[in-house]
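Content type JSON, C-alpha atoms, from the file protein_20.json:
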```
[["chain", "number", "residue", "atom", "x", "y", "z"],
["A", 256, "MET", "CA", -112.06, 154.15, -35.49],
["A", 257, "ALA", "CA", -115.41, 152.50, -34.84],
["A", 258, "VAL", "CA", -115.39, 148.97, -33.46],
["A", 259, "LEU", "CA", -118.18, 146.95, -35.02],
["A", 260, "GLY", "CA", -120.02, 143.69, -34.42],
["A", 261, "VAL", "CA", -119.09, 140.16, -35.35],
["A", 262, "ALA", "CA", -118.03, 139.76, -38.98],
["A", 263, "LEU", "CA", -119.30, 143.23, -39.93],
["A", 264, "ILE", "CA", -117.16, 145.43, -42.17],
["A", 265, "CYS", "CA", -117.79, 149.10, -42.91],
["A", 266, "GLY", "CA", -115.90, 152.38, -43.17],
["A", 267, "ALA", "CA", -115.38, 154.86, -40.35],
["A", 268, "CYS", "CA", -113.77, 158.22, -40.98],
["A", 269, "GLY", "CA", -114.33, 160.16, -37.80],
["A", 270, "GLY", "CA", -117.76, 161.63, -38.53],
["A", 271, "GLY", "CA", -117.83, 165.33, -37.73],
["A", 272, "GLU", "CA", -114.41, 165.48, -36.12],
["A", 273, "LYS", "CA", -112.01, 168.20, -37.19],
["A", 274, "LYS", "CA", -109.85, 167.10, -40.09],
["A", 275, "THR", "CA", -106.11, 166.82, -39.56],
["A", 276, "VAL", "CA", -103.57, 167.45, -42.30],
["A", 277, "HIS", "CA", -101.50, 164.29, -42.80],
["A", 278, "VAL", "CA", -98.34, 163.43, -44.68],
["A", 279, "PRO", "CA", -98.45, 161.40, -47.89],
["A", 280, "SER", "CA", -98.67, 157.69, -47.16],
["A", 281, "LYS", "CA", -95.80, 155.42, -48.11],
["A", 282, "GLY", "CA", -95.49, 151.94, -49.50],
["A", 283, "LEU", "CA", -94.70, 150.18, -52.75],
["A", 284, "PRO", "CA", -97.55, 149.23, -55.10],
["A", 285, "GLY", "CA", -99.50, 146.40, -53.50],
["A", 286, "GLU", "CA", -97.62, 146.65, -50.19],
["A", 287, "LEU", "CA", -99.47, 145.88, -46.97],
["A", 288, "LEU", "CA", -98.37, 145.93, -43.33],
["A", 289, "LEU", "CA", -99.72, 143.22, -41.01],
["A", 290, "ILE", "CA", -99.36, 143.83, -37.27],
["A", 291, "VAL", "CA", -100.27, 140.63, -35.45],
["A", 292, "ASP", "CA", -99.92, 139.21, -31.95],
["A", 293, "ALA", "CA", -97.27, 136.50, -31.80],
["A", 294, "SER", "CA", -99.73, 134.31, -29.90],
["A", 295, "LEU", "CA", -101.95, 134.28, -33.02],
["A", 296, "TRP", "CA", -99.18, 134.13, -35.59],
["A", 297, "LYS", "CA", -97.85, 130.93, -34.00],
["A", 298, "THR", "CA", -101.18, 129.13, -34.49],
["A", 299, "ASP", "CA", -102.83, 127.78, -37.63],
["A", 300, "ALA", "CA", -104.62, 131.15, -37.89],
["A", 301, "ARG", "CA", -101.44, 132.27, -39.64],
["A", 302, "ASP", "CA", -102.36, 130.10, -42.62],
["A", 303, "SER", "CA", -105.78, 131.75, -42.79],
["A", 304, "LEU", "CA", -104.28, 135.24, -42.70],
["A", 305, "GLU", "CA", -101.75, 134.42, -45.40],
["A", 306, "ALA", "CA", -104.44, 132.81, -47.57],
["A", 307, "VAL", "CA", -106.44, 136.06, -47.48],
["A", 308, "LEU", "CA", -103.59, 138.55, -47.84],
["A", 309, "LYS", "CA", -101.16, 136.57, -49.99],
["A", 310, "GLY", "CA", -103.60, 134.57, -52.07],
["A", 311, "ASN", "CA", -103.17, 134.77, -55.83],
["A", 312, "MET", "CA", -104.59, 137.67, -57.79],
["A", 313, "PRO", "CA", -107.14, 136.33, -60.31],
["A", 314, "ALA", "CA", -106.73, 136.18, -64.08],
["A", 315, "LEU", "CA", -102.96, 136.55, -64.37],
["A", 316, "PRO", "CA", -100.85, 134.24, -66.54],
["A", 317, "GLN", "CA", -98.68, 133.28, -63.55],
["A", 318, "ALA", "CA", -99.23, 133.14, -59.80],
["A", 319, "GLU", "CA", -98.78, 136.53, -58.11],
["A", 320, "PRO", "CA", -99.94, 137.35, -54.56],
["A", 321, "MET", "CA", -102.72, 139.87, -54.03],
["A", 322, "PHE", "CA", -100.43, 141.91, -51.78],
["A", 323, "ARG", "CA", -96.76, 142.27, -50.90],
["A", 324, "MET", "CA", -97.12, 141.59, -47.18],
["A", 325, "MET", "CA", -94.82, 142.80, -44.41],
["A", 326, "CYS", "CA", -95.42, 141.21, -40.97],
["A", 327, "ILE", "CA", -94.39, 142.59, -37.59],
["A", 328, "PHE", "CA", -95.39, 142.03, -33.96],
["A", 329, "PRO", "CA", -97.01, 144.88, -31.99],
["A", 330, "GLU", "CA", -93.87, 145.47, -29.91],
["A", 331, "ASP", "CA", -91.98, 146.24, -33.14],
["A", 332, "TYR", "CA", -94.52, 148.79, -34.32],
["A", 333, "SER", "CA", -93.13, 152.33, -34.36],
["A", 334, "GLY", "CA", -93.90, 155.70, -35.85],
["A", 335, "SER", "CA", -92.05, 154.86, -39.05],
["A", 336, "PHE", "CA", -94.73, 152.25, -39.86],
["A", 337, "SER", "CA", -97.72, 154.46, -39.02],
["A", 338, "THR", "CA", -97.75, 156.17, -42.42],
["A", 339, "MET", "CA", -97.94, 152.95, -44.46],
["A", 340, "ARG", "CA", -100.75, 153.11, -47.01],
["A", 341, "ASN", "CA", -102.32, 149.75, -46.07],
["A", 342, "ILE", "CA", -102.33, 148.51, -42.47],
["A", 343, "ILE", "CA", -104.14, 145.59, -40.86],
["A", 344, "GLU", "CA", -103.75, 145.00, -37.14],
["A", 345, "VAL", "CA", -104.88, 141.69, -35.63],
["A", 346, "ARG", "CA", -104.93, 141.44, -31.82],
["A", 347, "ARG", "CA", -106.11, 138.81, -29.37],
["A", 348, "ASP", "CA", -108.67, 140.12, -26.87],
["A", 349, "PRO", "CA", -110.32, 137.57, -24.52],
["A", 350, "LYS", "CA", -113.16, 140.06, -23.97],
["A", 351, "ALA", "CA", -113.98, 140.37, -27.68],
["A", 352, "ASP", "CA", -117.38, 139.18, -28.82],
["A", 353, "GLY", "CA", -115.95, 136.60, -31.21],
["A", 354, "VAL", "CA", -114.40, 138.92, -33.80],
["A", 355, "GLU", "CA", -114.78, 142.71, -33.81],
["A", 356, "VAL", "CA", -113.67, 144.73, -36.83],
["A", 357, "GLY", "CA", -113.15, 148.42, -37.42],
["A", 358, "VAL", "CA", -112.10, 150.26, -40.56],
["A", 359, "ALA", "CA", -110.66, 153.77, -40.70],
["A", 360, "TYR", "CA", -109.21, 155.93, -43.45],
["A", 361, "ASP", "CA", -106.41, 158.51, -43.49],
["A", 362, "VAL", "CA", -105.55, 158.03, -39.82],
["A", 363, "LYS", "CA", -101.89, 159.11, -40.01],
["A", 364, "ALA", "CA", -101.34, 159.64, -43.74],
["A", 365, "VAL", "CA", -103.21, 160.14, -47.03],
["A", 366, "PRO", "CA", -104.35, 157.96, -48.66],
["A", 367, "GLN", "CA", -104.43, 155.25, -45.99],
["A", 368, "THR", "CA", -106.65, 152.30, -45.12],
["A", 369, "TYR", "CA", -106.47, 150.84, -41.61],
["A", 370, "VAL", "CA", -108.30, 147.65, -40.61],
["A", 371, "GLY", "CA", -108.29, 146.67, -36.94],
["A", 372, "ILE", "CA", -109.40, 143.18, -35.90],
["A", 373, "LYS", "CA", -109.90, 142.00, -32.32],
["A", 374, "THR", "CA", -110.46, 138.28, -31.88],
["A", 375, "ARG", "CA", -111.30, 136.25, -28.82],
["A", 376, "ASP", "CA", -109.09, 133.39, -30.02],
["A", 377, "ALA", "CA", -107.47, 131.83, -33.08],
["A", 378, "ALA", "CA", -110.51, 129.67, -33.85],
["A", 379, "SER", "CA", -112.79, 132.73, -34.00],
["A", 380, "LEU", "CA", -110.34, 134.47, -36.34],
["A", 381, "LYS", "CA", -110.20, 131.47, -38.67],
["A", 382, "ARG", "CA", -114.00, 131.28, -38.89],
["A", 383, "PHE", "CA", -114.21, 135.00, -39.62],
["A", 384, "LEU", "CA", -111.58, 134.88, -42.37],
["A", 385, "ALA", "CA", -113.23, 131.84, -43.95],
["A", 386, "THR", "CA", -116.47, 133.78, -44.48],
["A", 387, "ARG", "CA", -115.35, 137.42, -44.72],
["A", 388, "GLY", "CA", -111.74, 137.23, -45.82],
["A", 389, "GLU", "CA", -112.54, 138.37, -49.37],
["A", 390, "THR", "CA", -114.25, 141.46, -47.96],
["A", 391, "VAL", "CA", -111.13, 142.33, -45.97],
["A", 392, "ALA", "CA", -108.91, 141.88, -49.02],
["A", 393, "ALA", "CA", -111.30, 144.00, -51.10],
["A", 394, "LEU", "CA", -110.79, 146.94, -48.72],
["A", 395, "PHE", "CA", -107.11, 146.99, -49.55],
["A", 396, "THR", "CA", -107.66, 146.41, -53.26],
["A", 397, "GLU", "CA", -109.92, 149.47, -53.21],
["A", 398, "SER", "CA", -107.17, 151.33, -51.34],
["A", 399, "GLU", "CA", -104.78, 150.58, -54.20],
["A", 400, "MET", "CA", -107.35, 151.84, -56.71],
["A", 401, "ARG", "CA", -107.71, 155.06, -54.73],
["A", 402, "TRP", "CA", -103.94, 155.57, -54.60],
["A", 403, "GLU", "CA", -103.48, 154.87, -58.31],
["A", 404, "SER", "CA", -106.36, 157.21, -59.19],
["A", 405, "GLU", "CA", -104.74, 160.03, -57.23],
["A", 406, "ARG", "CA", -101.50, 159.48, -59.13],
["A", 407, "LEU", "CA", -103.35, 159.59, -62.44],
["A", 408, "LYS", "CA", -105.01, 162.89, -61.56],
["A", 409, "LYS", "CA", -101.56, 164.47, -61.33],
["A", 410, "GLU", "CA", -100.08, 163.00, -64.48],
["A", 411, "TYR", "CA", -101.99, 161.40, -67.33],
["A", 412, "SER", "CA", -101.98, 161.08, -71.12],
["A", 413, "LYS", "CA", -103.44, 164.22, -72.66],
["A", 414, "VAL", "CA", -103.41, 162.51, -76.07],
["A", 415, "ALA", "CA", -105.63, 159.64, -74.93],
["A", 416, "ASP", "CA", -107.94, 162.00, -73.06],
["A", 417, "GLU", "CA", -108.43, 164.21, -76.13],
["A", 418, "ALA", "CA", -109.18, 161.19, -78.32],
["A", 419, "SER", "CA", -111.71, 159.89, -75.79],
["A", 420, "ARG", "CA", -113.46, 163.24, -75.66],
["A", 421, "GLU", "CA", -113.62, 163.36, -79.46],
["A", 422, "ILE", "CA", -114.99, 159.83, -79.98],
["A", 423, "PHE", "CA", -117.09, 159.19, -76.87],
["A", 424, "GLY", "CA", -117.61, 162.58, -75.23],
["A", 425, "CYS", "CA", -115.87, 161.21, -72.13],
["A", 426, "ARG", "CA", -112.74, 162.16, -70.27],
["A", 427, "VAL", "CA", -110.28, 159.50, -69.15],
["A", 428, "ARG", "CA", -107.03, 159.47, -67.17],
["A", 429, "VAL", "CA", -104.60, 156.80, -68.33],
["A", 430, "PRO", "CA", -100.85, 156.63, -67.58],
["A", 431, "ALA", "CA", -98.90, 159.45, -69.22],
["A", 432, "ASP", "CA", -96.68, 157.14, -71.29],
["A", 433, "ILE", "CA", -99.71, 155.87, -73.25],
["A", 434, "VAL", "CA", -99.29, 158.19, -76.22],
["A", 435, "LYS", "CA", -99.82, 156.18, -79.40],
["A", 436, "VAL", "CA", -103.47, 156.35, -80.48],
["A", 437, "LYS", "CA", -105.56, 154.47, -83.03],
["A", 438, "LYS", "CA", -109.12, 155.62, -83.68],
["A", 439, "GLY", "CA", -111.90, 153.54, -85.17],
["A", 440, "GLU", "CA", -115.67, 153.48, -85.45],
["A", 441, "ARG", "CA", -116.86, 153.87, -81.86],
["A", 442, "PHE", "CA", -113.42, 152.54, -80.90],
["A", 443, "LEU", "CA", -110.22, 153.87, -79.34],
["A", 444, "TRP", "CA", -106.91, 152.10, -78.73],
["A", 445, "ALA", "CA", -104.11, 153.94, -76.91],
["A", 446, "SER", "CA", -100.78, 152.28, -76.17],
["A", 447, "SER", "CA", -97.35, 152.95, -74.69],
["A", 448, "ASP", "CA", -96.02, 150.86, -77.61],
["A", 449, "ARG", "CA", -93.15, 149.23, -75.72],
["A", 450, "ASN", "CA", -91.48, 145.85, -76.05],
["A", 451, "THR", "CA", -92.09, 145.15, -72.36],
["A", 452, "ARG", "CA", -94.19, 146.70, -69.59],
["A", 453, "ASP", "CA", -96.45, 147.78, -72.43],
["A", 454, "LEU", "CA", -99.69, 149.36, -71.20],
["A", 455, "ASN", "CA", -102.76, 149.56, -73.43],
["A", 456, "TYR", "CA", -106.14, 151.23, -73.09],
["A", 457, "VAL", "CA", -109.15, 150.33, -75.24],
["A", 458, "CYS", "CA", -112.62, 151.83, -75.27],
["A", 459, "TYR", "CA", -115.58, 150.77, -77.40],
["A", 460, "SER", "CA", -119.35, 151.09, -77.28],
["A", 461, "LEU", "CA", -122.08, 148.49, -77.60],
["A", 462, "PRO", "CA", -125.85, 148.92, -77.93],
["A", 463, "LEU", "CA", -127.50, 149.29, -74.53],
["A", 464, "ALA", "CA", -129.61, 146.25, -75.37],
["A", 465, "ASP", "CA", -126.47, 144.14, -74.95],
["A", 466, "SER", "CA", -126.33, 144.94, -71.22],
["A", 467, "SER", "CA", -128.18, 141.70, -70.47],
["A", 468, "ALA", "CA", -125.26, 139.78, -71.97],
["A", 469, "MET", "CA", -122.52, 141.38, -69.91],
["A", 470, "LEU", "CA", -122.27, 138.50, -67.43],
["A", 471, "THR", "CA", -122.39, 135.76, -70.05],
["A", 472, "GLY", "CA", -120.20, 134.31, -72.76],
["A", 473, "ARG", "CA", -121.82, 136.76, -75.15],
["A", 474, "TRP", "CA", -119.63, 139.57, -73.79],
["A", 475, "VAL", "CA", -116.55, 137.53, -74.66],
["A", 476, "GLU", "CA", -117.90, 137.07, -78.18],
["A", 477, "LEU", "CA", -118.58, 140.80, -78.53],
["A", 478, "ARG", "CA", -115.10, 141.62, -77.21],
["A", 479, "ASP", "CA", -113.43, 139.24, -79.64],
["A", 480, "SER", "CA", -115.42, 140.68, -82.55],
["A", 481, "VAL", "CA", -114.35, 144.24, -81.69],
["A", 482, "MET", "CA", -110.70, 143.25, -81.22],
["A", 483, "LYS", "CA", -110.59, 141.23, -84.45],
["A", 484, "LYS", "CA", -111.79, 144.28, -86.35],
["A", 485, "ASN", "CA", -109.52, 146.83, -84.68],
["A", 486, "ILE", "CA", -106.35, 145.19, -83.28],
["A", 487, "PRO", "CA", -104.58, 143.13, -85.94],
["A", 488, "GLY", "CA", -101.38, 141.24, -85.22],
["A", 489, "ALA", "CA", -98.06, 141.45, -87.05],
["A", 490, "ALA", "CA", -98.63, 138.14, -88.84],
["A", 491, "PRO", "CA", -101.09, 138.16, -91.75],
["A", 492, "GLY", "CA", -104.55, 137.08, -90.69],
["A", 493, "SER", "CA", -103.88, 137.41, -86.97],
["A", 494, "TRP", "CA", -105.73, 139.50, -84.41],
["A", 495, "MET", "CA", -106.28, 139.87, -80.68],
["A", 496, "THR", "CA", -108.59, 137.36, -79.07],
["A", 497, "THR", "CA", -109.51, 136.05, -75.64],
["A", 498, "VAL", "CA", -107.58, 132.92, -74.62],
["A", 499, "TYR", "CA", -109.69, 129.75, -74.68],
["A", 500, "GLU", "CA", -109.01, 126.44, -72.96],
["A", 501, "ASN", "CA", -111.04, 123.33, -73.77],
["A", 502, "GLY", "CA", -113.47, 125.55, -75.63],
["A", 503, "ARG", "CA", -114.08, 127.89, -72.70],
["A", 504, "PRO", "CA", -112.74, 131.45, -72.41],
["A", 505, "LEU", "CA", -110.20, 132.06, -69.65],
["A", 506, "ALA", "CA", -112.21, 134.97, -68.26],
["A", 507, "VAL", "CA", -114.25, 135.69, -65.13],
["A", 508, "GLN", "CA", -117.13, 138.17, -64.89],
["A", 509, "ARG", "CA", -119.04, 139.86, -62.12],
["A", 510, "LYS", "CA", -121.06, 142.97, -61.29],
["A", 511, "VAL", "CA", -119.16, 145.46, -59.14],
["A", 512, "LYS", "CA", -119.58, 148.81, -57.45],
["A", 513, "THR", "CA", -116.65, 151.16, -57.88],
["A", 514, "GLY", "CA", -115.25, 153.34, -55.12],
["A", 515, "ASP", "CA", -117.26, 156.34, -56.35],
["A", 516, "GLY", "CA", -120.54, 154.41, -56.13],
["A", 517, "ARG", "CA", -121.06, 153.55, -59.80],
["A", 518, "THR", "CA", -122.20, 150.09, -60.87],
["A", 519, "ALA", "CA", -120.19, 148.36, -63.58],
["A", 520, "TYR", "CA", -119.73, 144.98, -65.18],
["A", 521, "GLU", "CA", -116.23, 143.58, -64.77],
["A", 522, "MET", "CA", -114.39, 140.98, -66.84],
["A", 523, "ARG", "CA", -110.86, 139.71, -66.21],
["A", 524, "GLY", "CA", -109.03, 137.28, -68.41],
["A", 525, "LEU", "CA", -106.13, 136.48, -70.69],
["A", 526, "TRP", "CA", -105.61, 137.69, -74.25],
["A", 527, "GLU", "CA", -103.41, 136.46, -77.09],
["A", 528, "MET", "CA", -102.74, 137.03, -80.75],
["A", 529, "SER", "CA", -104.48, 134.36, -82.81],
["A", 530, "LYS", "CA", -101.33, 133.50, -84.80],
["A", 531, "GLY", "CA", -98.50, 134.69, -82.59],
["A", 532, "ALA", "CA", -96.71, 134.37, -79.28],
["A", 533, "LEU", "CA", -97.94, 137.64, -77.76],
["A", 534, "GLY", "CA", -100.33, 137.57, -74.83],
["A", 535, "GLY", "CA", -101.07, 138.72, -71.31],
["A", 536, "PRO", "CA", -103.82, 139.74, -68.87],
["A", 537, "PHE", "CA", -106.69, 142.17, -69.39],
["A", 538, "VAL", "CA", -109.41, 143.74, -67.28],
["A", 539, "SER", "CA", -112.58, 145.38, -68.60],
["A", 540, "LEU", "CA", -115.24, 147.57, -67.00],
["A", 541, "ALA", "CA", -118.55, 148.16, -68.80],
["A", 542, "TYR", "CA", -120.78, 151.09, -67.83],
["A", 543, "GLU", "CA", -124.39, 151.67, -68.84],
["A", 544, "ASP", "CA", -124.77, 155.07, -70.55],
["A", 545, "ARG", "CA", -128.54, 155.41, -70.79],
["A", 546, "ALA", "CA", -128.33, 159.04, -71.90],
["A", 547, "HIS", "CA", -126.78, 157.88, -75.17],
["A", 548, "GLY", "CA", -128.37, 154.41, -75.40],
["A", 549, "ARG", "CA", -125.09, 152.54, -75.17],
["A", 550, "MET", "CA", -122.76, 150.43, -73.09],
["A", 551, "LEU", "CA", -119.29, 151.94, -72.77],
["A", 552, "VAL", "CA", -116.58, 149.33, -72.30],
["A", 553, "ALA", "CA", -113.16, 150.42, -71.07],
["A", 554, "GLU", "CA", -110.37, 147.85, -71.10],
["A", 555, "GLY", "CA", -106.77, 147.77, -70.00],
["A", 556, "PHE", "CA", -104.44, 145.08, -71.26],
["A", 557, "VAL", "CA", -100.79, 144.48, -70.51],
["A", 558, "TYR", "CA", -97.89, 142.95, -72.41],
["A", 559, "SER", "CA", -94.89, 142.34, -70.19],
["A", 560, "PRO", "CA", -93.44, 138.85, -70.69],
["A", 561, "ASP", "CA", -90.37, 139.38, -68.50],
["A", 562, "THR", "CA", -91.97, 140.97, -65.43],
["A", 563, "ASN", "CA", -94.76, 140.50, -62.92],
["A", 564, "LYS", "CA", -98.03, 142.02, -64.04],
["A", 565, "ARG", "CA", -100.17, 142.55, -60.92],
["A", 566, "ASP", "CA", -99.22, 146.19, -60.37],
["A", 567, "LEU", "CA", -99.50, 147.01, -64.08],
["A", 568, "VAL", "CA", -103.00, 145.54, -64.25],
["A", 569, "ARG", "CA", -104.04, 147.44, -61.13],
["A", 570, "ARG", "CA", -102.77, 150.70, -62.59],
["A", 571, "MET", "CA", -104.80, 150.13, -65.73],
["A", 572, "GLU", "CA", -107.86, 149.13, -63.71],
["A", 573, "ALA", "CA", -107.64, 152.42, -61.81],
["A", 574, "ALA", "CA", -107.51, 154.21, -65.18],
["A", 575, "LEU", "CA", -110.69, 152.48, -66.33],
["A", 576, "ARG", "CA", -112.53, 153.93, -63.36],
["A", 577, "THR", "CA", -111.74, 157.50, -64.45],
["A", 578, "LEU", "CA", -113.94, 157.24, -67.57],
["A", 579, "ARG", "CA", -116.75, 159.77, -67.19],
["A", 580, "PRO", "CA", -118.90, 161.94, -69.48],
["A", 581, "VAL", "CA", -117.61, 165.44, -70.10],
["A", 582, "ARG", "CA", -119.82, 167.85, -68.20]]
```

How would this structure read if it were set down as structure tokens?
Amino acid sequence: MAVLGVALICGACGGGEKKTVHVPSKGLPGELLLIVDASLWKTDARDSLEAVLKGNMPALPQAEPMFRMMCIFPEDYSGSFSTMRNIIEVRRDPKADGVEVGVAYDVKAVPQTYVGIKTRDAASLKRFLATRGETVAALFTESEMRWESERLKKEYSKVADEASREIFGCRVRVPADIVKVKKGERFLWASSDRNTRDLNYVCYSLPLADSSAMLTGRWVELRDSVMKKNIPGAAPGSWMTTVYENGRPLAVQRKVKTGDGRTAYEMRGLWEMSKGALGGPFVSLAYEDRAHGRMLVAEGFVYSPDTNKRDLVRRMEAALRTLRPVR
């Protein structure tokens, strides 16, 4: 692991060192192990750590923490913990230059993300987390995407993949239980069609000229237009739409870079049926496809009124990242 300068985060994987074969990592979806010195945990730095690692995941209908955090002190750390998928170790070091951070992957297991933080004192740690805490959390979110993607490579819906190839010339890996497919004009909807824990994948294309609107309310309008045309509700005259509050859509947008280096537009929000009680969270990724003069939008939405939805949304988000042209 490389130890880096103050408030600097980057990956370190051992350079040219000989690779070691590791065991599969362990951990429940969203689970993270925090190893922290008691002398730090008993200060107000604890609040800063919990705010970063247990803060609410955005765009869910109810509060759910970003991660399911386990906390132990260094003296309790043993070999049984070393193969956890997500590990962050925070140690006090009076010789540290403020805060020093190192990131390593697949140290004892695969896949695995390890973040080591050395801090001179609690005040330095709090300042670091206030400015770079989101970056730390993003490392573990990306770790979850990597893990979910590996699972999808092993088992995915052949039906949805075939339909995607037919309509868009793209392969996609969505959960294997998504087997009910509806095809439309430049549109695909694939669903597990369940009463709860229902997973849904949508893909549609927009003219490339609309790329300038992908971080504005115009994307919401385009989404609602596509859903109104293609996803009707059970009640007459109802359809899927984005949830609005005081005239504003409950959605957040940003430009992101995926783990494989591609740039995409991201939108997270809440959906509902216009004349019904159904609703839940969604996440969309839009990719520019200049070869075909289009924007390809992949969306995952979840209906699961009786359960938490964080892990379901993350699984669908990982599926969205598998959309690629057939070579």

Tell me which protein, DNA and RNA residues are within 9 Å of segment 561-575 of chain A, counting only C-alpha atoms, leaving out same-chain ones fewer than 5 positions away, and put them as a VMD selection string. chain A and resid 284 to 285 312 315 to 317 319 to 321 396 399 to 404 407 427 to 430 451 to 456 535 to 540 552 to 556

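Considering only C-alpha atoms, the residue among A:Gly334, A:Pro462, A:Pro313, A:Pro329 positioned nearest to Gly548 of chain A is A:Pro462.
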
List the neighbours of segment 376-384 of chain A out to 9 Å using only C-alpha atoms; skip same-chain residues closer than 5 positions along the sequence, and give me the result as a PyMOL selection string. chain A and resi 261-262+294-296+298-304+307+347-349+351+353-354+389+391

Closest of A:Gly371, A:Phe328, A:Leu308, A:Lys408 to Gly388 of chain A - atom-to-atom distances counting only C-alpha atoms: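 Counting only C-alpha atoms, the residue closest to Gly388 of chain A is A:Leu308.
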
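If you look at atom CA of Tyr411 of chain A and atom CA of Asp432 of chain A, they are 7.9 Å away from each other.
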
Could you name the residues that touch Met482 of chain A at 12 Å or less, counting only C-alpha atoms, but leaving out those on the same chain fewer than 2 positions away, as a JSON list (two decimals) with C-alpha atoms, in the frame of the given file?
```json
[["chain", "number", "residue", "atom", "x", "y", "z"],
["A", 439, "GLY", "CA", -111.90, 153.54, -85.17],
["A", 442, "PHE", "CA", -113.42, 152.54, -80.90],
["A", 443, "LEU", "CA", -110.22, 153.87, -79.34],
["A", 444, "TRP", "CA", -106.91, 152.10, -78.73],
["A", 457, "VAL", "CA", -109.15, 150.33, -75.24],
["A", 458, "CYS", "CA", -112.62, 151.83, -75.27],
["A", 459, "TYR", "CA", -115.58, 150.77, -77.40],
["A", 475, "VAL", "CA", -116.55, 137.53, -74.66],
["A", 476, "GLU", "CA", -117.90, 137.07, -78.18],
["A", 477, "LEU", "CA", -118.58, 140.80, -78.53],
["A", 478, "ARG", "CA", -115.10, 141.62, -77.21],
["A", 479, "ASP", "CA", -113.43, 139.24, -79.64],
["A", 480, "SER", "CA", -115.42, 140.68, -82.55],
["A", 484, "LYS", "CA", -111.79, 144.28, -86.35],
["A", 485, "ASN", "CA", -109.52, 146.83, -84.68],
["A", 486, "ILE", "CA", -106.35, 145.19, -83.28],
["A", 487, "PRO", "CA", -104.58, 143.13, -85.94],
["A", 488, "GLY", "CA", -101.38, 141.24, -85.22],
["A", 493, "SER", "CA", -103.88, 137.41, -86.97],
["A", 494, "TRP", "CA", -105.73, 139.50, -84.41],
["A", 495, "MET", "CA", -106.28, 139.87, -80.68],
["A", 496, "THR", "CA", -108.59, 137.36, -79.07],
["A", 497, "THR", "CA", -109.51, 136.05, -75.64],
["A", 526, "TRP", "CA", -105.61, 137.69, -74.25],
["A", 527, "GLU", "CA", -103.41, 136.46, -77.09],
["A", 528, "MET", "CA", -102.74, 137.03, -80.75],
["A", 529, "SER", "CA", -104.48, 134.36, -82.81],
["A", 554, "GLU", "CA", -110.37, 147.85, -71.10],
["A", 556, "PHE", "CA", -104.44, 145.08, -71.26]]
```

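Of the listed residues (A:Leu578, A:Ala431, A:Ala359, A:Ile290), A:Ala431 comes nearest to Arg406 of chain A; the distances count all atoms listed in the file.
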
Can you pull out the residues contacting segment 506-518 of chain A? Cut-off 9 Å, using all atoms listed in the file, and skip same-chain residues under 2 positions away; I want them as a ChimeraX atom specification. /A:313-314,397,400-401,469-471,475,497-499,503-504,520-525,541-543,576

Which one of A:Thr368, A:Lys413, A:Val436, A:Ala532 sits closest to Ala489 of chain A if you count only C-alpha atoms?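 Looking only at the distances to Ala489 of chain A, the closest residue turns out to be A:Ala532.
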
Please identify all polymer residues within 7 Å of Gly424 of chain A, counting all atoms listed in the file, omitting same-chain residues fewer than 5 positions from it, and present them as number ranges by chain. A: 419, 580-581

Only N, CA and C atoms needed: put segment 455-465 of chain A from the block into a file as a PDB file, in the first residue's frame.
```pdb
ATOM      1  N   ASN A 455     -36.381  -3.844 -12.208  1.00  0.00           N
ATOM      2  CA  ASN A 455     -36.747  -3.474 -13.566  1.00  0.00           C
ATOM      3  C   ASN A 455     -35.593  -2.780 -14.270  1.00  0.00           C
ATOM      4  N   TYR A 456     -35.418  -3.132 -15.534  1.00  0.00           N
ATOM      5  CA  TYR A 456     -34.391  -2.520 -16.374  1.00  0.00           C
ATOM      6  C   TYR A 456     -35.063  -1.886 -17.584  1.00  0.00           C
ATOM      7  N   VAL A 457     -34.702  -0.645 -17.862  1.00  0.00           N
ATOM      8  CA  VAL A 457     -35.233   0.084 -19.016  1.00  0.00           C
ATOM      9  C   VAL A 457     -34.065   0.625 -19.824  1.00  0.00           C
ATOM     10  N   CYS A 458     -34.193   0.593 -21.131  1.00  0.00           N
ATOM     11  CA  CYS A 458     -33.205   1.228 -21.997  1.00  0.00           C
ATOM     12  C   CYS A 458     -33.937   1.949 -23.117  1.00  0.00           C
ATOM     13  N   TYR A 459     -33.527   3.176 -23.409  1.00  0.00           N
ATOM     14  CA  TYR A 459     -34.112   3.914 -24.521  1.00  0.00           C
ATOM     15  C   TYR A 459     -33.041   4.832 -25.106  1.00  0.00           C
ATOM     16  N   SER A 460     -33.268   5.271 -26.330  1.00  0.00           N
ATOM     17  CA  SER A 460     -32.299   6.148 -26.980  1.00  0.00           C
ATOM     18  C   SER A 460     -32.916   7.510 -27.231  1.00  0.00           C
ATOM     19  N   LEU A 461     -32.039   8.521 -27.211  1.00  0.00           N
ATOM     20  CA  LEU A 461     -32.418   9.893 -27.509  1.00  0.00           C
ATOM     21  C   LEU A 461     -31.464  10.418 -28.571  1.00  0.00           C
ATOM     22  N   PRO A 462     -31.872  11.436 -29.327  1.00  0.00           N
ATOM     23  CA  PRO A 462     -30.934  12.035 -30.284  1.00  0.00           C
ATOM     24  C   PRO A 462     -29.701  12.567 -29.563  1.00  0.00           C
ATOM     25  N   LEU A 463     -28.551  12.441 -30.171  1.00  0.00           N
ATOM     26  CA  LEU A 463     -27.307  12.907 -29.557  1.00  0.00           C
ATOM     27  C   LEU A 463     -27.372  14.392 -29.240  1.00  0.00           C
ATOM     28  N   ALA A 464     -28.167  15.130 -29.995  1.00  0.00           N
ATOM     29  CA  ALA A 464     -28.295  16.571 -29.759  1.00  0.00           C
ATOM     30  C   ALA A 464     -28.836  16.872 -28.368  1.00  0.00           C
ATOM     31  N   ASP A 465     -29.535  15.896 -27.763  1.00  0.00           N
ATOM     32  CA  ASP A 465     -30.103  16.114 -26.435  1.00  0.00           C
ATOM     33  C   ASP A 465     -29.073  15.977 -25.319  1.00  0.00           C
TER      34      ASP A 465
END
```
